[in-house]
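Following: one structure in structure tokens, then a few remarks.
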Amino acid sequence: MIILLSIFGQWAWAQDDTTSRFQVEIITKYDPVLTSARKIVIRPVLEPLTSDLPNFTYDLPNFGYKVLPTYQPARAINLKLDDQSDLMGNYFKLGGGNYLTPYGEFQLHSVRSKKYSYGAYGKHLSSNDGKPQNADFSDNELGIFGSKLTRKGDLTGKLNYERHVIHRYGYDRDSFDFEKVNINQIYNDFNGRVSFDNGTIRKKSGYQLGFDFYTFTNGGSRENDFDVNLRSDYNLRKNQAIKLDASLDFTNLVRDTINLNRTFVRVLPQYSFRYKKIDIGIGANAVVVLDSSETKVYVFPAITAEHFLVKDKVKAFAGIGGDVKKTSLRQLSYLNPFVVETPELINTVTSIDIHAGMRGIIKKKFDYLLKVSFSNNNNTPLYLTDSTPTSSFNVVYDDVQTVAFQTGLGLRIDEQFFIQFATTLYNYKTDQQDQAWQLPAFDVDLNIRYTLAKKLQLRAQLYALGERFQKDPTEGQITRKLKPFLDVNLMADYRYKKNISFFLNVNNISNGRYQKWYNYPVYGINILGGVSFSL
């Protein structure tokens, strides 16, 4: 840990004038990881990684906005929650921090039952400090959920509403003075899901049928989406199975006089079997895209192979595939909260995705992953600062080839100590653009948890992101390099009684003023504390 901090520590300080022309304290997109205990209390399960391109869904620990996290670091392993005993029926969390930051959260749920479960939840986080001017934000969420177990399967449902308000604060205050109403960015998102799953009670075959929807607004644009999806498994005999994934996704975008309709039909069948101790999956990913102007049909291979080099300890894996990823207003707005309200929407086609690697376990306490991958992505969305006074980001598309090398380590000693480390190195080759704008050269994610006497839980989280490139439209489109940064966070939870505990989060302890998005430096050190209790 000391060595790692010494390596990256030089990046933890404010960026110099090559990336920022202002010395101000500014808020940016952030989730203070107040509920991260649910993320940290985990048990490692070895699975191969499936994402090679950075997809900007990573939870940066800098104070602010939480529509979605901003970047997803490479994960060494998929993680599963520990079995947890119920607290009481209702859970509440209240707190506050510097920058005039009130925080509140509640979860109401039914008592433990083998037949049903239901409840409600809500959350509020905002800042009203006003330093710098117009950097205030508000993050709100409210929802209900329920499930019922029948003889034929498990029926679940969820309705969720989110409202998030931020402001485009990265403008030149020496030249412009905006009122909040002229630079605010308001996202309203009403979404839900209903699903039926019988796979838990049928041994030879099972399926999950789901319906997802959302209505999302960004300024004067509204996007509606309806998705019906099916996942099924059929076990034929020992080591042989057929899997089928299928979906019908309809998206409608309304913007001024534009009414854009797009339909995605996806069918992915796969047959898996064992040949000479090698587990093989052979299938195809067929995608039909229908929009207002044309219809396109894509077919990609879906082939996987796995083999134990050392029985139950070391497994090699490889795969080849491709896909079409829908680019939506909701997705772009969540990836970069400062994006323009009317970005162009072009779907990303991964024409080829090849990966290979090795994963394993040592003495049931130490697990690791090594993976290398290559992908060719047509129409990859990249973010470029536009020339408007409000410093918004436009979306440009380019064909990007990406080579990624991923590593991951996990160590768990009893229930008291857990550490997880993951990092990925990226190399990009663009077709038309000079650089892969805002995509990082590497990412690092380190999580450590230690529990003392079952009452005090201490956690440390470290995030590092490599250099990124951006153009400065105010200085003749000069290419700027955003420096790598390191963000270290410490958290403590003390259980005073069975139903009362206290929490304290210290984020960005190095007080770094780095920029995730060009011209939008983050807060320095910030502290959030409070109490949680259940009834």
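We name chains A, B, ... following the order of the structure tokens; residues begin at 1 in each chain, and ligands are numbered from 1 as shown.
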I'd like the contact shell of Asn427 (chain A) - 10 Å cut-off, only C-alpha atoms, skipping same-chain residues fewer than 2 positions apart - returned as a compact mmCIF listing (two decimals) with all heavy atoms, in the first residue's frame.
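File written: selection-v1.txt
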# COMPACT_ATOMS: atom_id res chain seq x y z
N PHE A 374 -8.43 -7.41 -27.54
CA PHE A 374 -8.40 -6.49 -28.68
C PHE A 374 -9.82 -6.33 -29.18
O PHE A 374 -10.57 -7.30 -29.32
CB PHE A 374 -7.53 -7.04 -29.81
CG PHE A 374 -7.70 -6.29 -31.10
CD1 PHE A 374 -7.04 -5.08 -31.32
CD2 PHE A 374 -8.56 -6.76 -32.09
CE1 PHE A 374 -7.22 -4.38 -32.50
CE2 PHE A 374 -8.75 -6.06 -33.28
CZ PHE A 374 -8.07 -4.87 -33.49
N VAL A 400 -12.36 3.23 -33.31
CA VAL A 400 -11.27 3.12 -32.34
C VAL A 400 -10.91 1.65 -32.14
O VAL A 400 -11.78 0.84 -31.83
CB VAL A 400 -11.64 3.75 -30.98
CG1 VAL A 400 -10.49 3.61 -30.00
CG2 VAL A 400 -12.04 5.21 -31.15
N GLN A 401 -9.65 1.33 -32.33
CA GLN A 401 -9.13 0.01 -32.00
C GLN A 401 -8.48 0.09 -30.63
O GLN A 401 -7.69 1.00 -30.36
CB GLN A 401 -8.11 -0.46 -33.04
CG GLN A 401 -8.71 -0.71 -34.41
CD GLN A 401 -7.68 -1.21 -35.41
OE1 GLN A 401 -6.48 -1.25 -35.13
NE2 GLN A 401 -8.14 -1.60 -36.59
N THR A 402 -8.81 -0.85 -29.77
CA THR A 402 -8.34 -0.81 -28.39
C THR A 402 -7.67 -2.12 -28.00
O THR A 402 -8.24 -3.20 -28.20
CB THR A 402 -9.50 -0.56 -27.41
OG1 THR A 402 -10.18 0.64 -27.79
CG2 THR A 402 -8.99 -0.42 -25.99
N VAL A 403 -6.46 -2.02 -27.49
CA VAL A 403 -5.77 -3.15 -26.88
C VAL A 403 -5.73 -2.88 -25.37
O VAL A 403 -5.30 -1.81 -24.94
CB VAL A 403 -4.35 -3.33 -27.43
CG1 VAL A 403 -3.63 -4.47 -26.71
CG2 VAL A 403 -4.39 -3.59 -28.93
N ALA A 404 -6.19 -3.85 -24.59
CA ALA A 404 -6.26 -3.67 -23.14
C ALA A 404 -5.60 -4.85 -22.44
O ALA A 404 -5.79 -6.01 -22.84
CB ALA A 404 -7.71 -3.53 -22.69
N PHE A 405 -4.83 -4.53 -21.40
CA PHE A 405 -4.24 -5.57 -20.55
C PHE A 405 -4.76 -5.36 -19.14
O PHE A 405 -4.55 -4.31 -18.54
CB PHE A 405 -2.71 -5.50 -20.57
CG PHE A 405 -2.06 -6.51 -19.68
CD1 PHE A 405 -2.08 -7.86 -20.02
CD2 PHE A 405 -1.44 -6.13 -18.51
CE1 PHE A 405 -1.48 -8.80 -19.19
CE2 PHE A 405 -0.84 -7.06 -17.68
CZ PHE A 405 -0.86 -8.41 -18.02
N LEU A 425 -4.42 -1.38 -18.45
CA LEU A 425 -3.65 -0.51 -19.33
C LEU A 425 -4.32 -0.51 -20.70
O LEU A 425 -4.68 -1.58 -21.22
CB LEU A 425 -2.21 -0.99 -19.46
CG LEU A 425 -1.41 -1.14 -18.15
CD1 LEU A 425 -0.03 -1.70 -18.46
CD2 LEU A 425 -1.31 0.20 -17.43
N LYS A 429 -6.07 3.29 -30.97
CA LYS A 429 -5.71 3.73 -32.33
C LYS A 429 -6.97 4.27 -32.98
O LYS A 429 -7.92 3.52 -33.23
CB LYS A 429 -5.13 2.57 -33.14
CG LYS A 429 -4.72 2.99 -34.55
CD LYS A 429 -4.16 1.82 -35.34
CE LYS A 429 -3.77 2.25 -36.75
NZ LYS A 429 -3.25 1.11 -37.55
N ALA A 436 -8.09 9.65 -28.76
CA ALA A 436 -9.34 9.09 -28.23
C ALA A 436 -9.76 9.99 -27.07
O ALA A 436 -9.45 9.72 -25.90
CB ALA A 436 -9.14 7.65 -27.76
N LEU A 439 -10.60 9.34 -23.10
CA LEU A 439 -10.37 7.96 -22.68
C LEU A 439 -9.00 7.87 -22.01
O LEU A 439 -8.02 8.41 -22.51
CB LEU A 439 -10.44 7.01 -23.87
CG LEU A 439 -11.80 6.90 -24.57
CD1 LEU A 439 -11.75 5.83 -25.65
CD2 LEU A 439 -12.91 6.59 -23.57
N PRO A 440 -8.90 7.16 -20.88
CA PRO A 440 -7.65 7.16 -20.09
C PRO A 440 -6.64 6.14 -20.58
O PRO A 440 -6.98 5.13 -21.20
CB PRO A 440 -8.14 6.80 -18.69
CG PRO A 440 -9.30 5.89 -18.95
CD PRO A 440 -9.98 6.43 -20.19
N ALA A 441 -5.37 6.39 -20.25
CA ALA A 441 -4.31 5.45 -20.58
C ALA A 441 -4.30 4.24 -19.65
O ALA A 441 -3.85 3.16 -20.02
CB ALA A 441 -2.95 6.16 -20.50
N PHE A 442 -4.81 4.41 -18.43
CA PHE A 442 -4.92 3.30 -17.49
C PHE A 442 -5.92 3.67 -16.41
O PHE A 442 -6.30 4.83 -16.24
CB PHE A 442 -3.56 2.95 -16.86
CG PHE A 442 -3.01 4.04 -15.97
CD1 PHE A 442 -3.39 4.15 -14.64
CD2 PHE A 442 -2.09 4.96 -16.47
CE1 PHE A 442 -2.87 5.15 -13.83
CE2 PHE A 442 -1.57 5.96 -15.67
CZ PHE A 442 -1.97 6.06 -14.35
List every residue of region 69-300 of chain A that DSSP, applied to the backbone of this structure, places in alpha helix (DSSP H), and write the result as a ChimeraX atom specification. /A:180-183
Can you list, as number ranges by chain, every residue of region 289-477 of chain A that DSSP puts in strand (DSSP E or B)? A: 289-291, 295-310, 314-325, 339, 348-362, 366-385, 393-413, 417-430, 442-452, 456-465, 468-472
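When only C-alpha atoms are used to compute distances to Tyr91 (chain A), the closest of the residues A:Leu528, A:Met491, A:Ile500, A:Val396 turns out to be A:Ile500.
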